[in-house]
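Asker: Structure supplied as start.txt; contents: compact mmCIF, C-alpha atoms.
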```txt
# COMPACT_ATOMS: atom_id res chain seq x y z
CA MET A 1 121.29 89.98 111.58
CA ALA A 2 118.98 91.65 114.05
CA ASP A 3 115.89 89.71 115.06
CA TYR A 4 112.43 90.94 115.91
CA SER A 5 109.79 90.32 118.54
CA THR A 6 106.03 90.39 118.35
CA SER A 7 103.77 92.03 120.90
CA ALA A 8 100.28 93.42 121.18
CA ILE A 9 99.65 97.03 122.11
CA ALA A 10 96.38 98.81 122.79
CA VAL A 11 96.00 102.35 121.56
CA ARG A 12 92.81 104.09 122.62
CA GLY A 13 91.13 100.74 123.11
CA CYS A 14 92.23 99.23 119.80
CA ARG A 15 94.56 96.26 120.16
CA ILE A 16 97.06 95.74 117.36
CA ARG A 17 99.92 93.36 116.69
CA LEU A 18 103.34 94.95 116.53
CA MET A 19 106.57 93.50 115.20
CA ARG A 20 109.71 95.29 116.34
CA GLY A 21 113.40 94.66 115.94
CA GLY A 22 116.77 96.41 116.04
CA ALA A 23 117.90 99.62 117.64
CA GLY A 24 118.50 103.15 116.46
CA SER A 25 116.26 105.84 115.03
CA PRO A 26 112.67 104.65 114.74
CA LEU A 27 111.59 103.39 111.32
CA VAL A 28 107.91 102.54 111.04
CA VAL A 29 106.72 100.32 108.17
CA LEU A 30 103.05 100.40 107.17
CA HIS A 31 102.11 97.23 105.30
CA GLY A 32 100.04 96.81 102.16
CA ALA A 33 96.74 95.11 101.40
CA SER A 34 98.20 91.60 101.58
CA GLY A 35 98.91 91.95 105.28
CA ALA A 36 101.71 92.35 107.80
CA ASN A 37 104.94 90.37 107.44
CA TRP A 38 108.46 90.82 108.71
CA LEU A 39 110.19 91.12 105.35
CA PRO A 40 113.91 90.63 104.65
CA PHE A 41 114.42 94.36 104.00
CA MET A 42 113.14 95.08 107.49
CA GLN A 43 115.53 92.53 108.93
CA ASP A 44 118.34 94.30 107.13
CA LEU A 45 117.30 97.77 108.29
CA ALA A 46 117.05 96.54 111.87
CA GLN A 47 120.85 96.55 111.98
CA LYS A 48 120.73 100.35 112.04
CA PHE A 49 117.18 101.28 112.96
CA ASP A 50 114.50 100.50 115.50
CA VAL A 51 112.16 98.90 112.95
CA ILE A 52 108.52 98.95 114.01
CA ALA A 53 105.93 97.14 111.89
CA PRO A 54 102.37 97.35 113.17
CA GLU A 55 99.53 95.28 111.76
CA HIS A 56 96.74 97.67 110.80
CA PRO A 57 93.41 97.60 112.60
CA GLY A 58 91.11 95.32 110.59
CA PHE A 59 93.98 93.02 109.56
CA GLY A 60 95.27 89.67 110.81
CA GLU A 61 95.47 89.49 114.60
CA SER A 62 94.67 93.16 115.16
CA ASP A 63 91.23 94.31 116.28
CA THR A 64 88.61 95.53 113.86
CA PRO A 65 87.33 98.58 115.72
CA ASP A 66 83.85 100.00 115.16
CA TRP A 67 85.36 103.34 114.19
CA LEU A 68 87.26 101.93 111.21
CA ASP A 69 85.51 103.22 108.09
CA ASN A 70 88.11 104.70 105.78
CA ILE A 71 91.76 105.43 105.17
CA HIS A 72 91.60 108.69 107.12
CA ASP A 73 90.69 106.76 110.25
CA LEU A 74 93.92 104.78 109.93
CA ALA A 75 95.98 107.94 109.33
CA TYR A 76 94.63 109.49 112.53
CA PHE A 77 95.02 106.18 114.37
CA TYR A 78 98.71 105.97 113.48
CA LEU A 79 99.25 109.53 114.71
CA ASP A 80 97.88 108.22 118.00
CA VAL A 81 100.21 105.20 117.78
CA LEU A 82 103.28 107.42 117.28
CA GLU A 83 102.22 109.44 120.29
CA GLU A 84 101.48 106.36 122.41
CA LEU A 85 104.92 104.88 121.60
CA LYS A 86 106.48 108.32 122.24
CA LEU A 87 108.25 108.20 118.89
CA SER A 88 109.82 111.19 117.23
CA GLY A 89 112.20 111.58 114.32
CA VAL A 90 110.40 108.67 112.68
CA HIS A 91 111.33 107.41 109.24
CA LEU A 92 107.92 106.39 107.93
CA VAL A 93 107.84 103.78 105.16
CA GLY A 94 104.52 102.94 103.52
CA LEU A 95 104.04 100.06 101.11
CA SER A 96 101.13 100.17 98.63
CA LEU A 97 97.99 100.61 100.78
CA GLY A 98 100.30 101.47 103.68
CA GLY A 99 101.84 104.16 101.46
CA TRP A 100 98.44 105.76 101.12
CA ILE A 101 97.99 105.70 104.91
CA ALA A 102 101.49 107.19 105.32
CA ALA A 103 100.76 110.01 102.85
CA GLU A 104 97.46 110.81 104.57
CA LEU A 105 99.24 110.79 107.94
CA ALA A 106 101.99 113.12 106.71
CA VAL A 107 99.43 115.53 105.28
CA ARG A 108 97.88 115.76 108.73
CA SER A 109 101.11 116.10 110.72
CA THR A 110 104.82 115.63 110.14
CA GLN A 111 105.64 116.68 113.69
CA ARG A 112 106.93 113.22 114.61
CA LEU A 113 108.45 112.40 111.21
CA ALA A 114 112.02 112.68 109.99
CA SER A 115 111.26 111.35 106.52
CA LEU A 116 108.62 109.69 104.40
CA THR A 117 109.07 106.82 101.95
CA LEU A 118 106.27 105.57 99.71
CA ALA A 119 106.62 102.41 97.63
CA GLY A 120 104.02 101.55 94.98
CA ALA A 121 101.61 103.66 96.98
CA ALA A 122 97.87 103.83 96.46
CA GLY A 123 96.06 107.10 97.17
CA LEU A 124 96.01 109.05 93.93
CA PHE A 125 94.02 108.79 90.72
CA VAL A 126 95.96 109.58 87.55
CA PRO A 127 93.65 110.18 84.57
CA GLY A 128 94.36 108.01 81.54
CA VAL A 129 96.66 105.56 83.36
CA GLU A 130 95.32 102.02 83.26
CA GLN A 131 95.40 100.02 86.48
CA MET A 132 94.66 96.39 87.26
CA ASP A 133 91.49 96.07 89.29
CA PRO A 134 92.35 93.77 92.20
CA PHE A 135 88.67 93.16 92.94
CA LEU A 136 88.13 91.58 89.53
CA ARG A 137 90.98 89.07 89.93
CA THR A 138 91.29 85.72 91.64
CA ASP A 139 93.58 85.44 94.66
CA GLU A 140 96.31 83.92 92.53
CA GLN A 141 95.92 86.41 89.67
CA ARG A 142 96.09 89.26 92.15
CA LEU A 143 99.37 88.06 93.58
CA ARG A 144 100.78 87.52 90.10
CA ASP A 145 99.75 91.03 89.07
CA PHE A 146 102.18 92.33 91.71
CA PHE A 147 105.20 90.88 89.92
CA HIS A 148 107.03 91.64 86.74
CA ASP A 149 109.06 88.43 87.02
CA GLN A 150 106.52 85.61 87.26
CA SER A 151 109.10 83.15 88.59
CA LYS A 152 109.23 85.33 91.72
CA ALA A 153 105.44 85.20 91.84
CA ASP A 154 105.40 81.37 91.88
CA GLU A 155 107.21 81.37 95.21
CA ILE A 156 104.89 83.97 96.74
CA VAL A 157 101.76 82.21 95.48
CA ALA A 158 102.91 78.92 97.03
CA HIS A 159 103.79 80.67 100.28
CA THR A 160 100.67 82.84 100.53
CA LEU A 161 97.74 80.77 99.30
CA ARG A 162 97.68 78.18 102.06
CA PRO A 163 94.49 76.87 103.72
CA GLU A 164 95.68 77.82 107.20
CA LEU A 165 95.94 81.46 106.09
CA GLU A 166 92.43 81.65 104.63
CA ASP A 167 90.72 83.20 107.66
CA VAL A 168 93.26 85.99 107.90
CA ALA A 169 93.16 86.52 104.12
CA LEU A 170 89.37 86.88 104.26
CA LYS A 171 89.53 89.35 107.15
CA ASN A 172 92.18 91.39 105.31
CA ARG A 173 90.13 91.28 102.13
CA ALA A 174 87.02 92.65 103.83
CA THR A 175 89.02 95.51 105.35
CA VAL A 176 90.70 96.29 102.04
CA ALA A 177 87.28 96.47 100.37
CA LYS A 178 86.06 98.79 103.09
CA LEU A 179 89.07 101.08 102.62
CA THR A 180 89.50 101.04 98.85
CA TRP A 181 86.37 99.97 96.96
CA GLN A 182 84.97 103.36 96.09
CA PRO A 183 86.61 105.60 95.02
CA ARG A 184 88.92 102.78 93.95
CA SER A 185 92.14 102.97 96.00
CA HIS A 186 92.33 106.72 96.09
CA ASP A 187 91.03 109.85 97.76
CA PRO A 188 90.14 112.55 95.24
CA HIS A 189 90.99 115.16 97.90
CA LEU A 190 94.48 113.92 98.79
CA SER A 191 96.40 115.67 96.03
CA LYS A 192 95.05 119.05 97.17
CA TRP A 193 97.01 118.82 100.43
CA LEU A 194 100.19 116.87 99.64
CA HIS A 195 102.10 120.15 99.49
CA GLN A 196 101.84 120.23 103.28
CA ILE A 197 104.31 117.34 103.55
CA ASP A 198 107.45 119.15 104.70
CA VAL A 199 109.84 116.26 105.32
CA PRO A 200 112.26 114.67 102.84
CA THR A 201 110.29 112.17 100.80
CA LEU A 202 111.38 109.19 98.73
CA LEU A 203 109.15 107.51 96.16
CA ILE A 204 110.27 104.00 95.15
CA TRP A 205 108.36 102.43 92.30
CA GLY A 206 108.76 99.45 90.00
CA ASP A 207 108.88 100.50 86.37
CA HIS A 208 106.35 97.74 85.57
CA ASP A 209 103.96 98.36 88.46
CA ARG A 210 100.56 97.36 87.05
CA MET A 211 98.59 98.18 90.19
CA PHE A 212 99.77 101.77 90.63
CA PRO A 213 101.93 102.48 87.58
CA LYS A 214 104.93 104.77 87.90
CA GLU A 215 102.86 107.75 86.74
CA HIS A 216 101.46 107.61 90.29
CA ALA A 217 104.98 108.19 91.63
CA LEU A 218 105.33 111.20 89.36
CA ALA A 219 101.94 112.49 90.50
CA TYR A 220 103.06 112.25 94.12
CA GLN A 221 106.33 113.93 93.24
CA LYS A 222 104.53 116.79 91.54
CA SER A 223 102.69 117.67 94.74
CA ILE A 224 105.23 116.88 97.47
CA PRO A 225 107.87 119.61 97.55
CA ALA A 226 110.83 117.51 98.73
CA ALA A 227 110.12 114.28 96.89
CA LYS A 228 112.74 112.26 95.06
CA VAL A 229 111.74 109.39 92.76
CA VAL A 230 113.61 106.15 92.27
CA ILE A 231 112.23 103.88 89.55
CA VAL A 232 113.40 100.28 89.89
CA PRO A 233 113.90 98.61 86.50
CA GLN A 234 112.41 95.20 85.63
CA CYS A 235 110.19 95.39 88.68
CA GLY A 236 106.46 95.25 89.43
CA HIS A 237 104.32 96.56 92.28
CA VAL A 238 106.38 95.25 95.21
CA PRO A 239 110.03 96.35 94.79
CA GLN A 240 110.68 95.49 98.45
CA ILE A 241 110.03 91.83 97.55
CA GLU A 242 110.82 91.57 93.85
CA LYS A 243 114.01 93.69 93.89
CA PRO A 244 114.98 93.87 97.57
CA ASP A 245 118.59 94.86 96.83
CA ALA A 246 117.63 97.84 94.66
CA PHE A 247 114.90 98.76 97.12
CA LEU A 248 117.27 98.67 100.09
CA ALA A 249 119.99 100.53 98.23
CA ALA A 250 117.61 103.38 97.37
CA LEU A 251 116.17 103.48 100.87
CA LYS A 252 119.56 103.35 102.62
CA THR A 253 121.00 106.07 100.40
CA PHE A 254 118.02 108.24 101.19
CA LEU A 255 118.05 107.52 104.92
CA GLY A 256 121.82 108.01 105.08
CA ALA A 257 121.70 111.39 103.46
CA PRO A 258 118.18 112.62 102.95
CA PRO A 259 118.03 115.56 100.58
CA PRO A 260 117.93 118.93 102.36
CA TYR A 261 114.66 120.51 103.27
CA PRO A 262 113.36 122.92 102.14
CA PRO A 263 114.09 121.83 98.58
CA PRO A 264 116.04 124.08 96.22
CA ARG A 265 113.94 126.67 94.47
CA ALA A 266 112.76 126.06 90.92
CA GLY A 267 115.65 126.02 88.46
CA GLU A 268 118.22 125.05 91.08
CA GLY A 269 118.37 121.43 90.03
CA ARG A 270 115.86 119.55 92.12
CA GLU A 271 116.19 115.85 91.39
CA GLY A 272 113.63 114.42 89.03
CA ALA A 273 112.59 110.99 87.87
CA ALA A 274 115.66 108.82 87.61
CA ALA A 275 115.82 105.51 85.84
CA MET G 1 48.86 77.91 98.64
CA LYS G 2 49.49 80.77 96.25
CA PHE G 3 51.06 80.64 92.79
CA PHE G 4 53.27 83.42 91.46
CA ASN G 5 54.87 83.75 88.05
CA PHE G 6 58.46 84.93 88.46
CA HIS G 7 60.24 86.26 85.40
CA LEU G 8 63.98 86.96 85.29
CA MET G 9 63.82 88.48 81.78
CA PRO G 10 67.14 87.19 80.44
CA TYR G 11 68.67 88.66 77.32
CA ALA G 12 67.83 85.53 75.32
CA HIS G 13 69.91 86.57 72.30
CA ALA G 14 73.14 86.73 74.28
CA ASP G 15 76.11 85.32 72.41
CA LEU G 16 77.04 82.34 74.58
CA ASP G 17 80.45 82.02 72.96
CA ALA G 18 81.18 85.66 73.77
CA ILE G 19 80.15 85.03 77.37
CA ALA G 20 82.42 81.99 77.49
CA ARG G 21 85.30 84.00 76.06
CA ASN G 22 84.70 86.81 78.53
CA GLY G 23 84.40 84.38 81.42
CA SER G 24 81.21 85.99 82.70
CA ALA G 25 77.84 87.43 81.64
CA TRP G 26 78.16 89.95 84.48
CA VAL G 27 80.11 93.16 85.16
CA THR G 28 82.73 92.82 82.42
CA PHE G 29 80.39 91.62 79.64
CA SER G 30 80.20 94.51 77.21
CA ASN G 31 76.99 96.30 76.28
CA ARG G 32 78.05 95.98 72.63
CA HIS G 33 76.60 92.46 72.83
CA TYR G 34 73.12 93.95 73.33
CA ASP G 35 70.90 94.65 70.33
CA PRO G 36 68.26 97.20 71.36
CA GLU G 37 65.79 96.14 68.65
CA GLN G 38 65.91 92.53 69.76
CA GLY G 39 65.82 93.73 73.35
CA ALA G 40 62.65 95.71 72.68
CA GLU G 41 60.97 92.61 71.26
CA LEU G 42 61.99 90.61 74.30
CA TYR G 43 60.61 93.20 76.73
CA HIS G 44 57.23 93.08 75.02
CA ASP G 45 57.24 89.25 74.83
CA TYR G 46 58.06 89.03 78.50
CA LEU G 47 55.44 91.57 79.54
CA ASP G 48 52.87 89.67 77.39
CA GLN G 49 53.78 86.49 79.28
CA MET G 50 53.22 88.19 82.62
CA GLU G 51 49.87 89.58 81.51
CA PHE G 52 48.95 86.08 80.30
CA ALA G 53 49.89 84.68 83.72
CA ASP G 54 47.38 87.10 85.22
CA GLN G 55 44.71 85.87 82.79
CA LEU G 56 45.54 82.25 83.61
CA GLY G 57 44.82 82.94 87.27
CA PHE G 58 48.25 83.22 88.88
CA ASP G 59 48.01 84.96 92.23
CA GLY G 60 50.85 87.28 91.33
CA VAL G 61 53.66 88.10 88.97
CA CYS G 62 57.20 88.85 90.15
CA LEU G 63 59.99 91.11 88.94
CA ASN G 64 63.50 91.56 90.24
CA GLU G 65 66.62 93.68 89.83
CA HIS G 66 70.02 92.92 88.34
CA HIS G 67 72.48 95.33 86.77
CA GLN G 68 74.47 95.31 83.57
CA THR G 69 74.16 91.63 82.81
CA ALA G 70 72.76 89.34 80.12
CA TYR G 71 71.24 87.32 82.97
CA GLY G 72 68.36 89.78 83.34
CA MET G 73 67.08 92.92 81.62
CA MET G 74 65.57 94.51 84.74
CA PRO G 75 67.96 97.04 86.25
CA ILE G 76 64.95 99.18 87.17
CA PRO G 77 62.07 96.78 87.91
CA GLY G 78 59.77 99.68 88.75
CA VAL G 79 59.62 100.65 85.06
CA LEU G 80 58.25 97.23 84.18
CA ALA G 81 55.95 97.22 87.18
CA GLY G 82 54.62 100.55 85.94
CA ALA G 83 54.03 99.02 82.51
CA LEU G 84 52.12 96.14 84.12
CA ALA G 85 50.22 98.14 86.72
CA ARG G 86 47.17 98.65 84.49
CA SER G 87 47.40 95.59 82.23
CA VAL G 88 47.74 93.03 85.02
CA LYS G 89 44.22 93.43 86.29
CA ARG G 90 43.90 91.09 89.20
CA ALA G 91 47.18 89.45 90.20
CA LYS G 92 49.52 91.00 92.71
CA LEU G 93 52.70 92.69 91.44
CA ALA G 94 55.76 91.68 93.42
CA ILE G 95 59.18 93.28 93.11
CA LEU G 96 61.68 90.91 94.73
CA GLY G 97 63.18 93.31 95.21
CA ARG G 98 64.96 96.59 94.97
CA ALA G 99 68.55 96.37 96.23
CA LEU G 100 68.49 99.02 98.93
CA PRO G 101 72.26 99.48 99.47
CA LEU G 102 72.80 100.39 95.82
CA VAL G 103 71.02 103.73 95.93
CA ASN G 104 72.42 106.82 97.55
CA ASN G 105 69.03 108.15 98.54
CA PRO G 106 66.56 105.42 99.55
CA LEU G 107 63.70 107.89 99.29
CA THR G 108 63.75 107.21 95.54
CA ILE G 109 62.65 103.65 96.35
CA ALA G 110 60.11 104.81 98.92
CA GLU G 111 58.61 107.08 96.26
CA GLU G 112 58.70 104.47 93.51
CA TYR G 113 57.00 101.82 95.62
CA ALA G 114 54.46 104.29 96.97
CA MET G 115 53.51 105.26 93.41
CA LEU G 116 53.19 101.61 92.38
CA ASP G 117 51.12 100.86 95.47
CA ASN G 118 48.72 103.60 94.44
CA LEU G 119 48.70 102.69 90.74
CA THR G 120 47.88 99.06 91.52
CA ARG G 121 45.43 100.07 94.26
CA GLY G 122 47.32 98.09 96.82
CA ARG G 123 48.36 95.08 94.74
CA LEU G 124 52.10 95.78 95.13
CA ILE G 125 54.35 93.47 97.16
CA ALA G 126 57.37 95.60 98.08
CA GLY G 127 60.54 93.51 98.35
CA PHE G 128 63.85 94.69 99.76
CA VAL G 129 67.09 92.87 99.01
CA ARG G 130 70.82 93.52 99.38
CA GLY G 131 71.66 92.24 95.89
CA ILE G 132 74.49 89.90 94.99
CA GLY G 133 78.20 90.72 94.75
CA ALA G 134 78.14 91.62 91.07
CA GLU G 135 75.77 94.55 91.69
CA TYR G 136 78.40 96.18 93.91
CA HIS G 137 80.87 96.04 91.05
CA ALA G 138 78.35 97.29 88.54
CA MET G 139 77.13 100.20 90.64
CA GLY G 140 80.36 101.19 92.42
CA ILE G 141 78.95 100.73 95.90
CA ASN G 142 81.21 99.44 98.67
CA PRO G 143 80.06 95.91 99.60
CA ALA G 144 81.72 96.22 103.01
CA TYR G 145 78.92 98.63 103.90
CA SER G 146 76.12 96.55 102.39
CA GLN G 147 74.47 95.57 105.67
CA GLU G 148 74.80 99.03 107.23
CA ARG G 149 73.39 100.68 104.12
CA TYR G 150 70.56 98.15 103.90
CA ALA G 151 69.51 98.69 107.52
CA GLU G 152 69.66 102.46 107.22
CA ALA G 153 67.73 102.53 103.93
CA HIS G 154 65.12 100.11 105.26
CA ASP G 155 64.49 102.25 108.34
CA LEU G 156 64.21 105.45 106.32
CA ILE G 157 61.77 103.93 103.81
CA VAL G 158 59.55 102.44 106.50
CA ARG G 159 59.50 105.74 108.36
CA ALA G 160 58.69 107.62 105.14
CA TRP G 161 55.69 105.33 104.63
CA THR G 162 54.41 105.22 108.17
CA GLU G 163 55.15 108.52 109.93
CA PRO G 164 53.30 111.73 109.41
CA GLY G 165 55.91 113.99 107.86
CA PRO G 166 57.94 115.92 107.51
CA PHE G 167 60.56 114.42 109.79
CA ALA G 168 64.30 114.79 110.21
CA PHE G 169 66.58 111.87 109.40
CA SER G 170 70.29 111.62 110.08
CA GLY G 171 72.14 108.58 108.81
CA LYS G 172 75.76 107.52 108.47
CA HIS G 173 75.43 106.76 104.78
```
Produce C-alpha cells that represent the structure in this file.
Answerer:
Amino acid sequence: MADYSTSAIAVRGCRIRLMRGGAGSPLVVLHGASGANWLPFMQDLAQKFDVIAPEHPGFGESDTPDWLDNIHDLAYFYLDVLEELKLSGVHLVGLSLGGWIAAELAVRSTQRLASLTLAGAAGLFVPGVEQMDPFLRTDEQRLRDFFHDQSKADEIVAHTLRPELEDVALKNRATVAKLTWQPRSHDPHLSKWLHQIDVPTLLIWGDHDRMFPKEHALAYQKSIPAAKVVIVPQCGHVPQIEKPDAFLAALKTFLGAPPPYPPPRAGEGREGAAA
Amino acid sequence: MKFFNFHLMPYAHADLDAIARNGSAWVTFSNRHYDPEQGAELYHDYLDQMEFADQLGFDGVCLNEHHQTAYGMMPIPGVLAGALARSVKRAKLAILGRALPLVNNPLTIAEEYAMLDNLTRGRLIAGFVRGIGAEYHAMGINPAYSQERYAEAHDLIVRAWTEPGPFAFSGKH
C-alpha cells in the first residue's frame, strides 16, 4: 500500500500542514470538523491517485490566520492552494464540514476540478429535517452521534478522546464554532448558486446520518446538475470510517467512470437516489 | 465601604425534578415550565425587596441579565431598572450588566442606559459584560466572535455617549 508524507506549505502567508501520498491524478480530501487524519480510504486511493490532504487553517498544526472568519474564506483559500500547488484535473473530496468548503469552492470555480465528491456534507438547511446539534453534546456524545453502529463508535471514542489530543481538539472546536455556529452549519445563500457546479458530482451519505440526514444529499442533488447520490445502508454520518468498503466502492466506481457532463436532459434517465 | 443589594431574580417555582430530568435549567429547559401568574407575583416580590433595600439604606441595588433560564428572570434588566427608577429614591441602580456581544446594534444599549441615566438623574451604574456560554446558545450569537463584538460594541457605545454627533461608524460586526 502506498504511504504518505507530511509537510508544511505556506500559501499567501498562511502555513498549513499537508499530508500527501501516492501518484496519479490529484485527489484532494478536505477534512471534517473533527480534524485532519490520514484515513484508510486515502491510503487505498493513493495506489491510483496523488492523494493530498491539507489540514485547514484554524485546525491542528495549521496557522489560524487573522483573515479566517467564515466558510467562504476557506473556499477562496483552497482555490489559492490549488493554484499554488499547480494542480489541475483535481478530484475534490469533501467530508462533512470539508464537504461544505468543497461545495463553496466549486460554486466559485471548477476550473481546476475534474470531479466533486461530498460525503455527509454540511452547507445546506433542509426545512423540517431534524439534526443533532453538535454544540449541545459532550465530546463523547458528539462522536457517538456520528455512528449508526455504536460498536464502531467505541473504538473511535477511545482513539480520539485522549489527554494528549486536548489542545488540538480545543483549537479545532473554536474554529468549528467560528465557521458553523450561526447560521448553524449552513449558508442560506449556497443553494442559490449550486447550479454553477459543472463537474461530475457524487454525493455519498449514510442512510442513518443524524448530523446531516440524507435529505441533505437530495437537496444537494436537486441543485447540482450532474450529481449522483449513493446512500450507504446501515451507516451514520461518516461512511468513510463506518463503511469504508462501501464508501470506497462508490467513490472508485465514480472516479473510474464519472457520469458524462453535461447531464442528460430531463426525461432521459438521469440517475436518482439509489439505495 | 459600600453595600449593594444584588438580586438574581430566580424563577423560584421551577420544578427541580424537571430540571434534573432535562439535565439543565438553561437553554434546553422548556418555557412550558414557567407559569406567568406565579412569575408576575415573583417580579413584584423581588422589586419590593429592592425598594426595601433602598429604604434600609443600601448604597445601591443591582440587576443583571440572563436569557431563557429558570436561574434568573431578567433577560432585559432595563425593564426592571425602569420600574425601579422612580421607586428607588436614593440608592444607585446598577446593571451588571448588559451582555454587549448579544445585540446586533449596540446603540440599543447606549439608548437604554442613557434613558435610565436621565430617569435616575445620574444614579445609574452602567455595566458591560460578555455573558456566559449559555447566552450564546440562547441568542444564536457566535461565541467565537464574543471578544471582537464586545470591543466593537463598547467603543460604539462610549463614542455615542461622549462625542458630539452625528458621527460615522464602521465596524466589522
Asker: Sorted by chain and rising residue number, which residues of chain G lie within 12 Å of chain A, and what are their closest atom pairs and distances in Å to one decimal, counting only C-alpha atoms, as CSV?
Answerer:
```
residue,atom,partner,partner_atom,distance
G:Gly23,CA,A:Leu136,CA,11.5
G:Ser24,CA,A:Leu136,CA,11.2
G:Trp26,CA,A:Leu136,CA,11.3
G:Val27,CA,A:Leu136,CA,9.3
G:Thr28,CA,A:Leu136,CA,9.0
G:Gly133,CA,A:Phe135,CA,10.9
G:Ala134,CA,A:Leu136,CA,10.1
G:Tyr136,CA,A:Trp181,CA,9.3
G:His137,CA,A:Phe135,CA,8.5
G:Ala138,CA,A:Leu136,CA,11.4
G:Met139,CA,A:Gln182,CA,10.1
G:Gly140,CA,A:Gln182,CA,6.3
G:Ile141,CA,A:Gln182,CA,6.6
G:Asn142,CA,A:Trp181,CA,5.5
G:Pro143,CA,A:Ala177,CA,7.3
G:Ala144,CA,A:Lys178,CA,5.0
G:Tyr145,CA,A:Lys178,CA,7.2
G:Ser146,CA,A:Lys178,CA,10.2
G:Glu148,CA,A:Asp69,CA,11.5
G:Lys172,CA,A:Asp69,CA,10.7
G:His173,CA,A:Asp69,CA,11.2
```
Asker: Excluding same-chain residues fewer than 4 positions from Ala99 (chain G), what lies within 7 Å of it counting all atoms listed in the file, as a PyMOL selection string?
Answerer: chain G and resi 128-131
Asker: I'd like the contact shell of Asn64 (chain G) - 7 Å cut-off, only C-alpha atoms, skipping same-chain residues fewer than 3 positions apart - returned as a ChimeraX atom specification.
Answerer: /G:8,74,77,95-97
Asker: Next, write the just-selected residues to a file, as a PDB file, in the frame of the given file, keeping C-alpha atoms as the atom set.
Answerer:
```pdb
ATOM      1  CA  LEU G   8      63.980  86.960  85.290  1.00  0.00           C
ATOM      2  CA  MET G  74      65.570  94.510  84.740  1.00  0.00           C
ATOM      3  CA  PRO G  77      62.070  96.780  87.910  1.00  0.00           C
ATOM      4  CA  ILE G  95      59.180  93.280  93.110  1.00  0.00           C
ATOM      5  CA  LEU G  96      61.680  90.910  94.730  1.00  0.00           C
ATOM      6  CA  GLY G  97      63.180  93.310  95.210  1.00  0.00           C
TER       7      GLY G  97
END
```
Asker: Name the residues in contact with Arg112 (chain A) at a cut-off of 8 Å, using all atoms listed in the file, excluding same-chain residues fewer than 4 positions from it; report them as a ChimeraX atom specification.
Answerer: /A:82,87-90
Asker: Using C-alpha atoms, can you write the selected residues to a file as a short mmCIF file (atom, residue, chain, number, x, y, z; two decimals), in the frame of the given file?
Answerer:
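As a result, result_13.cif now contains:
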```
data_model
loop_
_atom_site.label_atom_id
_atom_site.label_comp_id
_atom_site.auth_asym_id
_atom_site.auth_seq_id
_atom_site.Cartn_x
_atom_site.Cartn_y
_atom_site.Cartn_z
CA LEU A 82 103.28 107.42 117.28
CA LEU A 87 108.25 108.20 118.89
CA SER A 88 109.82 111.19 117.23
CA GLY A 89 112.20 111.58 114.32
CA VAL A 90 110.40 108.67 112.68
#
```
Asker: Compile the contact shell of Leu74 (chain A) as an mmCIF file with C-alpha atoms, in the coordinates of the input: residues with an atom at most 10 Å away, counting all atoms listed in the file, same-chain residues fewer than 4 positions apart removed.
Answerer:
```cif
data_model
loop_
_atom_site.group_PDB
_atom_site.id
_atom_site.type_symbol
_atom_site.label_atom_id
_atom_site.label_comp_id
_atom_site.auth_asym_id
_atom_site.auth_seq_id
_atom_site.Cartn_x
_atom_site.Cartn_y
_atom_site.Cartn_z
ATOM 1 C CA HIS A 56 96.740 97.670 110.800
ATOM 2 C CA PRO A 57 93.410 97.600 112.600
ATOM 3 C CA GLY A 58 91.110 95.320 110.590
ATOM 4 C CA TRP A 67 85.360 103.340 114.190
ATOM 5 C CA LEU A 68 87.260 101.930 111.210
ATOM 6 C CA ASP A 69 85.510 103.220 108.090
ATOM 7 C CA ASN A 70 88.110 104.700 105.780
ATOM 8 C CA TYR A 78 98.710 105.970 113.480
ATOM 9 C CA LEU A 79 99.250 109.530 114.710
ATOM 10 C CA ASP A 80 97.880 108.220 118.000
ATOM 11 C CA GLY A 98 100.300 101.470 103.680
ATOM 12 C CA TRP A 100 98.440 105.760 101.120
ATOM 13 C CA ILE A 101 97.990 105.700 104.910
ATOM 14 C CA ALA A 102 101.490 107.190 105.320
ATOM 15 C CA GLU A 104 97.460 110.810 104.570
ATOM 16 C CA LEU A 105 99.240 110.790 107.940
ATOM 17 C CA LEU A 179 89.070 101.080 102.620
#
```
Asker: Residues within 9 Å of region 186-194 of chain A, please, as a ChimeraX atom specification. Count only C-alpha atoms; anything in the same chain fewer than 2 positions from it doesn't count.
Answerer: /A:71,100,103-104,106-108,122-125,180,182-184,196-197,219-220,223-225
Asker: Find, counting all atoms listed in the file, the residue in A:Asp145, A:Ala249, A:His208, A:Gly13 that gets nearest to Ser62 (chain A).
Answerer: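 Between A:Asp145, A:Ala249, A:His208, A:Gly13, the residue approaching Ser62 (chain A) most closely is A:Gly13.
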Asker: Could you please determine the separation between CA of Ser87 (chain G) and CA of Tyr43 (chain G) in Å, to one decimal place?
Answerer: 14.5 Å
